[in-house]
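**Q** One file: final_29.tsv (TSV, C-alpha atoms and all ligand atoms).
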```tsv
chain	number	residue	atom	x	y	z
F	1	MET	CA	76.66	79.69	115.49
F	2	PHE	CA	78.57	76.39	115.45
F	3	ASP	CA	77.93	75.03	111.94
F	4	ASP	CA	81.08	76.36	110.31
F	5	LEU	CA	83.43	75.22	113.06
F	6	PRO	CA	85.44	72.01	112.73
F	7	ARG	CA	83.89	69.37	114.99
F	8	ALA	CA	84.54	65.65	115.43
F	9	PRO	CA	81.29	63.85	116.30
F	10	LEU	CA	82.35	62.11	119.54
F	11	ALA	CA	79.49	62.75	121.98
F	12	THR	CA	75.97	61.33	122.10
F	13	LEU	CA	73.82	64.47	122.04
F	14	PRO	CA	71.53	65.87	123.27
F	15	THR	CA	72.04	64.45	126.75
F	16	PRO	CA	68.83	63.89	128.75
F	17	LEU	CA	67.37	66.53	131.09
F	18	GLU	CA	65.76	64.65	133.98
F	19	THR	CA	63.88	65.58	137.14
F	20	ALA	CA	65.56	64.65	140.43
F	21	ALA	CA	64.17	63.68	143.84
F	22	PRO	CA	62.98	66.54	146.10
F	23	MET	CA	65.97	68.22	147.71
F	24	PRO	CA	66.48	67.63	151.47
F	25	ASN	CA	66.38	71.33	152.45
F	26	SER	CA	64.61	73.24	149.71
F	27	ALA	CA	61.27	73.32	147.91
F	28	ALA	CA	62.90	74.37	144.62
F	29	ARG	CA	62.63	71.81	141.83
F	30	LEU	CA	65.91	70.12	140.86
F	31	TRP	CA	66.71	68.90	137.34
F	32	VAL	CA	69.79	66.99	136.24
F	33	LYS	CA	71.37	67.56	132.84
F	34	ARG	CA	72.98	64.17	132.26
F	35	ASP	CA	76.34	65.12	130.79
F	36	ASP	CA	77.68	62.02	132.52
F	37	LEU	CA	75.93	60.30	129.58
F	38	THR	CA	77.85	61.94	126.72
F	39	GLY	CA	78.89	58.42	125.76
F	40	LEU	CA	82.54	58.80	124.83
F	41	GLY	CA	84.70	56.39	126.84
F	42	GLY	CA	82.54	56.45	129.97
F	43	GLY	CA	81.16	59.94	129.40
F	44	GLY	CA	81.45	63.29	131.14
F	45	ASN	CA	81.82	66.95	130.24
F	46	LYS	CA	85.13	66.61	128.38
F	47	ALA	CA	83.43	64.82	125.46
F	48	ARG	CA	81.78	68.10	124.45
F	49	LYS	CA	85.08	69.99	124.54
F	50	LEU	CA	86.88	67.21	122.69
F	51	GLU	CA	84.44	67.40	119.77
F	52	PHE	CA	85.77	70.88	118.97
F	53	LEU	CA	89.36	70.27	120.12
F	54	CYS	CA	89.69	67.14	117.99
F	55	GLY	CA	87.94	68.85	115.06
F	56	ASP	CA	90.61	71.55	115.30
F	57	ALA	CA	93.36	68.92	115.65
F	58	LEU	CA	92.25	66.99	112.57
F	59	GLU	CA	91.95	70.17	110.54
F	60	ALA	CA	95.52	71.05	111.56
F	61	GLY	CA	96.69	67.65	110.36
F	62	ALA	CA	97.60	66.35	113.84
F	63	ARG	CA	98.64	62.73	114.23
F	64	SER	CA	98.82	62.65	118.02
F	65	LEU	CA	97.17	64.24	121.07
F	66	ILE	CA	98.96	65.25	124.26
F	67	THR	CA	97.22	66.34	127.43
F	68	VAL	CA	97.71	66.51	131.20
F	69	GLY	CA	95.75	65.80	134.35
F	70	ALA	CA	95.59	64.62	137.92
F	71	ALA	CA	96.32	60.95	138.61
F	72	GLN	CA	92.60	60.08	138.21
F	73	SER	CA	91.88	62.57	135.43
F	74	ASN	CA	88.56	62.17	133.63
F	75	HIS	CA	89.78	64.54	130.93
F	76	CYS	CA	92.77	62.28	130.22
F	77	ARG	CA	90.53	59.21	130.09
F	78	MET	CA	88.18	60.81	127.56
F	79	THR	CA	91.06	62.20	125.47
F	80	ALA	CA	92.42	58.65	125.32
F	81	ALA	CA	89.02	57.42	124.13
F	82	ALA	CA	88.80	60.21	121.53
F	83	GLY	CA	92.23	59.26	120.18
F	84	ALA	CA	91.13	55.63	119.95
F	85	ARG	CA	88.02	56.65	117.96
F	86	LEU	CA	89.93	58.97	115.62
F	87	GLY	CA	93.10	56.93	115.12
F	88	LEU	CA	95.38	59.43	116.86
F	89	GLU	CA	98.21	58.40	119.19
F	90	VAL	CA	97.56	59.74	122.72
F	91	HIS	CA	100.11	60.74	125.36
F	92	LEU	CA	98.93	61.54	128.90
F	93	ILE	CA	101.03	63.45	131.43
F	94	LEU	CA	99.80	62.60	134.92
F	95	SER	CA	100.38	63.59	138.54
F	96	GLY	CA	101.87	60.99	140.84
F	97	ASP	CA	103.90	57.86	140.19
F	98	ALA	CA	103.16	54.81	138.09
F	99	PRO	CA	101.20	52.29	140.15
F	100	GLU	CA	103.23	49.53	141.77
F	101	PRO	CA	103.41	46.74	140.99
F	102	PRO	CA	102.94	47.41	137.24
F	103	GLY	CA	99.48	46.57	135.90
F	104	THR	CA	97.58	47.57	139.05
F	105	GLU	CA	95.91	50.70	137.62
F	106	THR	CA	92.39	51.44	138.84
F	107	GLY	CA	89.54	53.73	137.78
F	108	ASN	CA	90.37	56.28	135.08
F	109	GLN	CA	94.01	55.12	134.77
F	110	LEU	CA	92.91	51.59	133.94
F	111	LEU	CA	90.46	52.90	131.34
F	112	SER	CA	93.02	55.26	129.77
F	113	LYS	CA	95.38	52.33	129.32
F	114	MET	CA	92.57	50.24	127.83
F	115	PHE	CA	92.03	52.99	125.25
F	116	GLY	CA	95.69	52.60	124.30
F	117	ALA	CA	97.12	55.85	125.68
F	118	GLN	CA	100.77	56.15	126.63
F	119	MET	CA	101.02	57.14	130.29
F	120	HIS	CA	103.74	59.54	131.47
F	121	TYR	CA	103.83	59.74	135.28
F	122	THR	CA	105.59	62.89	136.49
F	123	GLY	CA	105.75	62.19	140.23
F	124	ALA	CA	104.17	65.65	140.70
F	125	ALA	CA	101.99	66.23	143.76
F	126	GLU	CA	98.27	66.01	143.02
F	127	SER	CA	97.51	69.68	142.47
F	128	HIS	CA	100.89	70.97	141.22
F	129	TRP	CA	99.38	71.87	137.86
F	130	GLY	CA	102.30	74.09	136.71
F	131	GLN	CA	104.69	71.13	136.80
F	132	LEU	CA	102.36	69.16	134.51
F	133	GLU	CA	102.15	72.01	132.00
F	134	ILE	CA	105.96	72.26	131.83
F	135	ALA	CA	106.16	68.52	131.14
F	136	ARG	CA	103.49	68.90	128.45
F	137	GLU	CA	105.49	71.55	126.63
F	138	ALA	CA	108.63	69.41	126.74
F	139	LEU	CA	106.82	66.34	125.39
F	140	THR	CA	105.09	68.41	122.70
F	141	ASP	CA	108.49	69.59	121.43
F	142	GLN	CA	109.84	66.05	121.54
F	143	LEU	CA	106.94	64.51	119.58
F	144	ALA	CA	107.03	67.36	117.05
F	145	GLY	CA	110.72	66.56	116.54
F	146	GLU	CA	109.81	62.92	115.93
F	147	GLY	CA	107.33	63.97	113.21
F	148	LEU	CA	104.22	62.97	115.21
F	149	ALA	CA	102.45	66.31	114.58
F	150	PRO	CA	101.13	66.64	118.14
F	151	TYR	CA	98.02	68.65	119.07
F	152	SER	CA	98.74	69.71	122.61
F	153	ILE	CA	95.78	70.29	124.93
F	154	PRO	CA	96.13	72.25	128.20
F	155	ILE	CA	94.66	71.01	131.45
F	156	GLY	CA	90.95	70.22	131.26
F	157	GLY	CA	90.81	71.12	127.56
F	158	SER	CA	89.99	74.66	128.68
F	159	THR	CA	90.87	76.70	125.63
F	160	ALA	CA	88.43	78.87	123.70
F	161	VAL	CA	88.08	76.00	121.20
F	162	GLY	CA	87.22	73.55	124.00
F	163	GLY	CA	84.83	76.07	125.52
F	164	LEU	CA	82.74	75.95	122.34
F	165	GLY	CA	81.43	72.59	123.59
F	166	TYR	CA	79.72	74.24	126.54
F	167	ALA	CA	78.46	77.22	124.57
F	168	ALA	CA	76.67	74.67	122.38
F	169	ALA	CA	75.56	72.79	125.52
F	170	PHE	CA	73.97	75.95	126.91
F	171	VAL	CA	71.90	76.33	123.72
F	172	GLU	CA	70.97	72.62	123.86
F	173	LEU	CA	69.84	73.00	127.48
F	174	ILE	CA	67.75	76.11	126.76
F	175	ASP	CA	66.08	74.22	123.88
F	176	GLN	CA	65.11	71.48	126.35
F	177	CYS	CA	63.93	73.93	129.01
F	178	GLU	CA	61.75	75.76	126.48
F	179	ALA	CA	60.29	72.43	125.32
F	180	ALA	CA	59.49	71.61	128.99
F	181	ASP	CA	58.06	75.14	129.39
F	182	ARG	CA	60.23	75.85	132.45
F	183	MET	CA	63.08	78.35	132.39
F	184	PRO	CA	65.46	77.57	135.27
F	185	SER	CA	66.59	80.24	137.72
F	186	ALA	CA	70.08	78.79	137.82
F	187	ILE	CA	72.41	76.32	136.16
F	188	VAL	CA	74.88	74.88	138.68
F	189	PHE	CA	77.91	72.71	137.87
F	190	THR	CA	81.33	71.61	139.12
F	191	SER	CA	84.24	73.75	137.93
F	192	SER	CA	88.00	73.32	137.94
F	193	SER	CA	89.91	74.49	134.86
F	194	GLY	CA	87.10	76.87	133.86
F	195	GLY	CA	86.34	75.83	130.28
F	196	THR	CA	82.88	74.52	131.10
F	197	HIS	CA	82.13	77.77	132.93
F	198	ALA	CA	83.46	80.01	130.14
F	199	GLY	CA	81.55	78.07	127.50
F	200	LEU	CA	78.25	78.30	129.39
F	201	LEU	CA	78.74	82.05	129.89
F	202	ALA	CA	79.47	82.48	126.17
F	203	GLY	CA	76.33	80.53	125.24
F	204	ARG	CA	74.29	82.64	127.64
F	205	ALA	CA	75.72	85.92	126.28
F	206	ALA	CA	75.06	84.77	122.70
F	207	LEU	CA	71.40	83.98	123.42
F	208	ILE	CA	70.95	87.34	125.15
F	209	ALA	CA	72.60	89.07	122.17
F	210	SER	CA	70.26	87.28	119.75
F	211	GLY	CA	67.22	88.33	121.79
F	212	ARG	CA	66.18	84.76	122.60
F	213	LEU	CA	66.78	85.39	126.33
F	214	THR	CA	66.97	88.63	128.28
F	215	ALA	CA	69.41	89.45	131.07
F	216	ASP	CA	66.45	88.90	133.44
F	217	THR	CA	65.12	85.61	132.06
F	218	ALA	CA	68.51	83.99	131.41
F	219	PRO	CA	69.42	81.52	134.17
F	220	ASP	CA	72.28	82.35	136.55
F	221	VAL	CA	75.41	80.34	135.77
F	222	VAL	CA	76.84	79.18	139.11
F	223	ALA	CA	80.23	77.44	139.20
F	224	ILE	CA	81.15	75.36	142.25
F	225	GLY	CA	84.96	75.44	142.35
F	226	VAL	CA	86.75	72.23	143.33
F	227	ALA	CA	90.40	73.01	142.53
F	228	LYS	CA	92.48	75.81	144.03
F	229	GLY	CA	95.04	77.20	141.65
F	230	VAL	CA	93.14	76.02	138.60
F	231	VAL	CA	89.97	77.84	139.61
F	232	MET	CA	90.93	80.77	137.46
F	233	GLY	CA	90.62	84.34	138.58
F	234	LEU	CA	87.42	85.93	137.37
F	235	PRO	CA	89.07	88.08	134.65
F	236	ASP	CA	90.52	84.89	133.12
F	237	ILE	CA	87.06	83.33	132.86
F	238	ALA	CA	85.82	86.50	131.12
F	239	GLU	CA	88.75	86.43	128.70
F	240	LEU	CA	88.19	82.75	127.91
F	241	ALA	CA	84.44	83.27	127.45
F	242	ASP	CA	85.03	86.23	125.14
F	243	GLY	CA	87.43	84.04	123.15
F	244	VAL	CA	84.63	81.49	122.73
F	245	LEU	CA	82.27	84.26	121.54
F	246	ASP	CA	84.90	85.38	119.01
F	247	LEU	CA	85.10	81.86	117.56
F	248	MET	CA	81.28	81.81	117.36
F	249	GLY	CA	81.35	85.09	115.47
F	250	VAL	CA	79.23	86.79	118.14
F	251	ALA	CA	80.20	90.38	118.92
F	252	ALA	CA	78.68	90.33	122.45
F	253	ARG	CA	80.91	90.24	125.54
F	254	VAL	CA	80.34	88.47	128.86
F	255	ASP	CA	79.23	90.81	131.65
F	256	PRO	CA	81.81	90.40	134.46
F	257	ASN	CA	78.94	90.72	136.97
F	258	ASP	CA	77.54	87.44	135.63
F	259	ILE	CA	80.67	85.45	136.61
F	260	GLU	CA	80.07	83.55	139.85
F	261	VAL	CA	82.46	80.98	141.34
F	262	ASP	CA	81.51	79.62	144.76
F	263	GLY	CA	84.71	78.26	146.30
F	264	ARG	CA	83.26	77.34	149.69
F	265	TRP	CA	82.75	73.63	148.95
F	266	ILE	CA	86.28	72.54	148.05
F	267	GLY	CA	87.33	71.64	151.64
F	268	ASP	CA	91.06	71.18	152.27
F	269	ASP	CA	92.11	70.79	148.64
F	270	TYR	CA	91.45	69.31	145.22
F	271	ALA	CA	90.55	65.60	145.40
F	272	VAL	CA	90.41	65.64	149.22
F	273	PRO	CA	86.91	64.44	150.10
F	274	THR	CA	84.59	66.58	152.24
F	275	ALA	CA	81.78	65.49	154.57
F	276	ALA	CA	79.27	67.54	152.55
F	277	GLY	CA	80.55	66.09	149.27
F	278	ASP	CA	80.28	62.55	150.58
F	279	ALA	CA	76.75	63.27	151.85
F	280	ALA	CA	75.88	64.47	148.32
F	281	VAL	CA	77.38	61.29	146.81
F	282	GLU	CA	75.13	59.26	149.12
F	283	TRP	CA	72.03	61.38	148.47
F	284	ALA	CA	72.52	61.12	144.70
F	285	ALA	CA	72.86	57.35	144.96
F	286	MET	CA	70.16	56.61	147.52
F	287	ALA	CA	67.49	59.13	146.47
F	288	ASN	CA	68.17	59.20	142.72
F	289	GLY	CA	70.07	56.07	141.66
F	290	LEU	CA	72.69	58.47	140.33
F	291	LEU	CA	76.49	58.13	140.50
F	292	VAL	CA	78.53	61.23	141.37
F	293	ASP	CA	82.18	61.13	142.48
F	294	ARG	CA	84.05	62.53	145.49
F	295	THR	CA	86.43	64.87	143.57
F	296	TYR	CA	84.09	66.61	141.12
F	297	SER	CA	80.38	66.04	140.73
F	298	GLY	CA	79.79	65.09	144.39
F	299	LYS	CA	81.42	68.30	145.65
F	300	GLY	CA	79.57	70.28	142.98
F	301	LEU	CA	76.26	68.78	144.02
F	302	SER	CA	77.10	69.51	147.68
F	303	GLY	CA	77.47	73.17	146.65
F	304	LEU	CA	74.08	73.17	144.95
F	305	LEU	CA	72.40	71.51	147.95
F	306	GLY	CA	74.21	73.95	150.26
F	307	LEU	CA	73.05	77.01	148.31
F	308	ALA	CA	69.52	75.58	148.30
F	309	ALA	CA	69.65	75.06	152.08
F	310	GLU	CA	70.77	78.69	152.46
F	311	GLY	CA	67.53	79.72	150.78
F	312	ARG	CA	68.85	80.95	147.43
F	313	TRP	CA	65.83	79.40	145.67
F	314	SER	CA	62.19	78.88	146.62
F	315	ALA	CA	59.30	76.64	145.53
F	316	ASP	CA	58.81	78.65	142.31
F	317	ASP	CA	62.37	78.04	141.15
F	318	ASP	CA	63.75	75.37	138.87
F	319	VAL	CA	67.46	74.64	139.25
F	320	VAL	CA	69.52	72.57	136.81
F	321	PHE	CA	72.57	70.61	137.97
F	322	ILE	CA	74.83	69.80	135.05
F	323	HIS	CA	76.18	66.37	135.95
F	324	THR	CA	79.68	66.66	134.50
F	325	GLY	CA	80.49	62.96	135.06
F	326	GLY	CA	83.45	61.49	136.91
F	327	TRP	CA	81.96	58.21	138.12
F	328	PRO	CA	84.93	56.01	136.96
F	329	ALA	CA	86.96	57.51	139.83
F	330	LEU	CA	84.56	55.78	142.24
F	331	PHE	CA	86.37	52.58	141.30
F	332	ALA	CA	89.77	53.91	142.37
X	401	LIG	C1	86.92	68.31	134.29
X	401	LIG	C2	85.73	68.06	135.13
X	401	LIG	C3	84.97	69.12	135.66
X	401	LIG	C4	85.37	70.57	135.53
X	401	LIG	O1	85.31	71.07	134.23
X	401	LIG	P1	86.24	72.31	133.83
X	401	LIG	O2	85.80	72.69	132.48
X	401	LIG	O3	87.65	71.79	133.86
X	401	LIG	O4	86.07	73.39	134.83
X	401	LIG	C5	83.84	68.83	136.39
X	401	LIG	N1	83.47	67.55	136.60
X	401	LIG	C6	84.16	66.50	136.11
X	401	LIG	C7	83.69	65.13	136.41
X	401	LIG	C8	85.32	66.72	135.36
X	401	LIG	O5	86.00	65.67	134.89
```
Hey, can you dump this file as structure tokens for me?
Ligand SMILES: *Cc1c(COP(=O)(O)O)cnc(C)c1O
**A**
Amino acid sequence: MFDDLPRAPLATLPTPLETAAPMPNSAARLWVKRDDLTGLGGGGNKARKLEFLCGDALEAGARSLITVGAAQSNHCRMTAAAGARLGLEVHLILSGDAPEPPGTETGNQLLSKMFGAQMHYTGAAESHWGQLEIAREALTDQLAGEGLAPYSIPIGGSTAVGGLGYAAAFVELIDQCEAADRMPSAIVFTSSSGGTHAGLLAGRAALIASGRLTADTAPDVVAIGVAKGVVMGLPDIAELADGVLDLMGVAARVDPNDIEVDGRWIGDDYAVPTAAGDAAVEWAAMANGLLVDRTYSGKGLSGLLGLAAEGRWSADDDVVFIHTGGWPALFA
């Protein structure tokens, strides 16, 4: 389903599927799909999307990449690393102001600079995503005018092309689950711009269409939303997922009833830590030796632990947490 699609080999795949410590409030068995270990520039979920996005960019003859993100964007950091690997100039449009004094970047910003990206600080408030997208369009026009053949990537890399990375990841995960002889009841992950979610749903629909899974045996795909305003409305996720299926050449459509976004774990806003998220960061570290961050994977894990405590799963259930990465932000 993916062989004929342009793809730049940027990620170290397959990522490991590991067992985790017993959960504090549930007898269900927890597994962690280590997509924090995709390798590219510190790893994380964006490496899978960037394989297809950069494949598309190279095929289109692009000479530069432009993308946008929050001040501590993991997506921007990994796009910078992808550009370094592929010899493409990278421009990042970021929320907030340039750190003062100059040269005092931390976390993802420091790493993006190390990968050679050009940083464009917009002064935008942290979750004013529309402002970033307007700046992206302006810079794309400018670089095109300068002959830099830009490939312009929307927030989070969440286009149908980017979503292919998580359709392929779903198939990779099912391969591993079948090899371990345990089909999970649910796959839970942190969601913001929706491309990871759409890709997983497309992969699930494709395996149901091919007869490898049935609607009953296929795991639930449960998104824990961590960004208001980017957490797309449910029809948008369906549209994006169907776009991924089109690129895969699969005629199936995603069943809207299968789209689940749990927005109860975000707290006050994007990137504002929550008590439950911080407890999950500590549990991951102290019980598992695992790093999750306060903006993404920690809040996502708090959602999984919260659903488990509510009794969604029992001792017979296996639940997979896709660890989407984000640990460099711990150093900011
Ligand atoms: C981008 C990101 C997500 C969310 O992925 P989307 O495809 O944008 O929904 C989750 N976790 C981390 C660490 C991320 O960087």
**Q** Neighbouring residues of Glu105 of chain F were defined as those with any atom within 12 Å, considering all atoms listed in the file; residues of the same chain fewer than 3 positions away were excluded. Please report them as a list in words.
**A** Ala71, Gln72, Asp97, Ala98, Pro99, Glu100, Pro101, Pro102, Asn108, Gln109, Leu110, Leu111, Ser112, Lys113, Met114, Met119, Ala329, Phe331 and Ala332 of chain F
**Q** Have a look at atom CA of Thr79 of chain F and atom CA of Leu65 of chain F and let me know their distance in Å, one decimal.
**A**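 Atom CA of Leu65 of chain F lies 7.8 Å from atom CA of Thr79 of chain F.
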**Q** Just give me the gap between atom CA of Arg182 of chain F and atom O3 of ligand LIG 401 (chain X) in Å, one decimal is fine.
**A**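 Between atom CA of Arg182 of chain F and atom O3 of ligand LIG 401 (chain X) the gap works out to 27.8 Å.
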**Q** Just the residues within 10 Å of Lys299 of chain F, please, counting all atoms listed in the file, with nothing from its chain fewer than 3 positions along; format it as a PyMOL selection string.
**A** chain F and resi 189-191+224-226+265-267+271+273-281+292-296+302-305
**Q** Given the choices F:Tyr270, F:Trp283, F:Tyr121, F:Trp313, which gets closest to ligand LIG 401 (chain X) if the distance is worked out from all atoms listed in the file?
**A**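 Among F:Tyr270, F:Trp283, F:Tyr121, F:Trp313, it is F:Tyr270 that comes nearest to ligand LIG 401 (chain X).
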**Q** So, with all atoms listed in the file as the atoms that count, which of F:Ala186, F:Ala309, F:Val171, F:Leu240 lies closest to ligand LIG 401 (chain X)?
**A** F:Leu240
**Q** Would you list the residues that come within 9 Å of ligand LIG 401 (chain X)? Count all atoms listed in the file and give the answer as a count of residues only.
**A** 46
**Q** Please identify all polymer residues within 12 Å of Ala27 of chain F, counting only C-alpha atoms, omitting same-chain residues fewer than 2 positions from it, and present them as a list of chain:residue names.
**A**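 The contact residues come out as F:Ala21, F:Pro22, F:Met23, F:Pro24, F:Asn25, F:Arg29, F:Leu30, F:Leu305, F:Ala308, F:Ala309, F:Glu310, F:Gly311, F:Arg312, F:Trp313, F:Ser314, F:Ala315, F:Asp316, F:Asp317, F:Asp318, F:Val319.
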**Q** To one decimal place, how far is atom CA of Arg253 of chain F from atom CA of Leu207 of chain F in Å?
**A**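 Atom CA of Arg253 of chain F sits 11.6 Å away from atom CA of Leu207 of chain F.
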**Q** Using only C-alpha atoms, which of the listed residues (F:His91, F:Ile153, F:Asp269, F:Arg212) sits closest to Ala125 of chain F?
**A**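 Nearest to Ala125 of chain F: F:Asp269.
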**Q** Within 12 Å of Asp258 of chain F, counting all atoms listed in the file, which residues qualify if same-chain residues fewer than 4 places away don't, as a list of chain:residue names?
**A**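 Listing them by chain and then by number gives F:Ala186, F:His197, F:Ala198, F:Leu200, F:Leu201, F:Ala202, F:Arg204, F:Ala205, F:Ala215, F:Asp216, F:Ala218, F:Pro219, F:Asp220, F:Val221, F:Val222, F:Ala223, F:Leu234, F:Pro235, F:Ile237, F:Ala238, F:Ala241, F:Arg253, F:Val254.
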**Q** Applying 12 Å and only C-alpha atoms, which residues near Glu133 of chain F remain after dropping the ones on its own chain fewer than 3 positions away? List them as a ChimeraX atom specification.
**A** /F:66-70,92-95,122,124,127-130,136-140,152-156,230
**Q** Between F:Asp141, F:Asp236, F:Glu18, F:Asp268, which has the minimum distance to Asn288 of chain F (counting all atoms listed in the file)?
**A**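 Of F:Asp141, F:Asp236, F:Glu18, F:Asp268, the one nearest Asn288 of chain F is F:Glu18, counting all atoms listed in the file.
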**Q** Quick one: of F:Ala206, F:Leu58, F:Ala20, F:Leu164, who's nearest to Ala284 of chain F, counting only C-alpha atoms?
**A** F:Ala20
**Q** Identify which of the residues F:Asp255, F:Leu245, F:Leu88, F:Gly263 lies closest to Gly61 of chain F, counting only C-alpha atoms when measuring atom-to-atom distances.
**A**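 For Gly61 of chain F, the nearest of the given residues is F:Leu88.
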**Q** Output segment 88-101 of chain F from the block with N, CA, C and O atoms, as a PDB file, in the first residue's frame?
**A**
```pdb
ATOM      1  N   LEU F  88      18.377  20.350   2.361  1.00  0.00           N
ATOM      2  CA  LEU F  88      17.375  21.362   2.034  1.00  0.00           C
ATOM      3  C   LEU F  88      17.447  22.484   3.072  1.00  0.00           C
ATOM      4  O   LEU F  88      17.590  22.213   4.267  1.00  0.00           O
ATOM      5  N   GLU F  89      17.356  23.731   2.609  1.00  0.00           N
ATOM      6  CA  GLU F  89      17.333  24.867   3.535  1.00  0.00           C
ATOM      7  C   GLU F  89      16.006  24.834   4.302  1.00  0.00           C
ATOM      8  O   GLU F  89      14.967  24.579   3.722  1.00  0.00           O
ATOM      9  N   VAL F  90      16.038  25.104   5.613  1.00  0.00           N
ATOM     10  CA  VAL F  90      14.814  25.027   6.418  1.00  0.00           C
ATOM     11  C   VAL F  90      14.505  26.367   7.083  1.00  0.00           C
ATOM     12  O   VAL F  90      15.386  26.987   7.690  1.00  0.00           O
ATOM     13  N   HIS F  91      13.259  26.802   6.941  1.00  0.00           N
ATOM     14  CA  HIS F  91      12.781  28.019   7.599  1.00  0.00           C
ATOM     15  C   HIS F  91      11.655  27.648   8.561  1.00  0.00           C
ATOM     16  O   HIS F  91      10.682  27.006   8.159  1.00  0.00           O
ATOM     17  N   LEU F  92      11.781  28.079   9.818  1.00  0.00           N
ATOM     18  CA  LEU F  92      10.784  27.764  10.846  1.00  0.00           C
ATOM     19  C   LEU F  92      10.097  29.046  11.296  1.00  0.00           C
ATOM     20  O   LEU F  92      10.765  30.029  11.632  1.00  0.00           O
ATOM     21  N   ILE F  93       8.772  29.013  11.302  1.00  0.00           N
ATOM     22  CA  ILE F  93       7.978  30.155  11.776  1.00  0.00           C
ATOM     23  C   ILE F  93       7.411  29.779  13.138  1.00  0.00           C
ATOM     24  O   ILE F  93       6.659  28.806  13.254  1.00  0.00           O
ATOM     25  N   LEU F  94       7.799  30.526  14.157  1.00  0.00           N
ATOM     26  CA  LEU F  94       7.531  30.107  15.540  1.00  0.00           C
ATOM     27  C   LEU F  94       6.697  31.131  16.298  1.00  0.00           C
ATOM     28  O   LEU F  94       6.777  32.336  16.034  1.00  0.00           O
ATOM     29  N   SER F  95       5.937  30.634  17.281  1.00  0.00           N
ATOM     30  CA  SER F  95       5.251  31.513  18.225  1.00  0.00           C
ATOM     31  C   SER F  95       6.297  32.222  19.091  1.00  0.00           C
ATOM     32  O   SER F  95       7.408  31.731  19.262  1.00  0.00           O
ATOM     33  N   GLY F  96       5.892  33.322  19.662  1.00  0.00           N
ATOM     34  CA  GLY F  96       6.737  33.994  20.657  1.00  0.00           C
ATOM     35  C   GLY F  96       7.845  34.815  20.028  1.00  0.00           C
ATOM     36  O   GLY F  96       7.949  34.951  18.811  1.00  0.00           O
ATOM     37  N   ASP F  97       8.683  35.369  20.914  1.00  0.00           N
ATOM     38  CA  ASP F  97       9.776  36.240  20.489  1.00  0.00           C
ATOM     39  C   ASP F  97      11.098  35.500  20.573  1.00  0.00           C
ATOM     40  O   ASP F  97      11.229  34.511  21.303  1.00  0.00           O
ATOM     41  N   ALA F  98      12.075  36.004  19.827  1.00  0.00           N
ATOM     42  CA  ALA F  98      13.423  35.440  19.888  1.00  0.00           C
ATOM     43  C   ALA F  98      13.934  35.541  21.324  1.00  0.00           C
ATOM     44  O   ALA F  98      13.692  36.553  21.993  1.00  0.00           O
ATOM     45  N   PRO F  99      14.609  34.506  21.821  1.00  0.00           N
ATOM     46  CA  PRO F  99      15.092  34.567  23.196  1.00  0.00           C
ATOM     47  C   PRO F  99      16.112  35.692  23.388  1.00  0.00           C
ATOM     48  O   PRO F  99      16.889  35.983  22.489  1.00  0.00           O
ATOM     49  N   GLU F 100      16.032  36.304  24.538  1.00  0.00           N
ATOM     50  CA  GLU F 100      16.952  37.395  24.904  1.00  0.00           C
ATOM     51  C   GLU F 100      17.756  36.977  26.118  1.00  0.00           C
ATOM     52  O   GLU F 100      17.180  36.399  27.043  1.00  0.00           O
ATOM     53  N   PRO F 101      19.035  37.263  26.202  1.00  0.00           N
ATOM     54  CA  PRO F 101      19.825  37.790  25.095  1.00  0.00           C
ATOM     55  C   PRO F 101      20.021  36.732  24.012  1.00  0.00           C
ATOM     56  O   PRO F 101      19.795  35.555  24.275  1.00  0.00           O
TER      57      PRO F 101
END
```
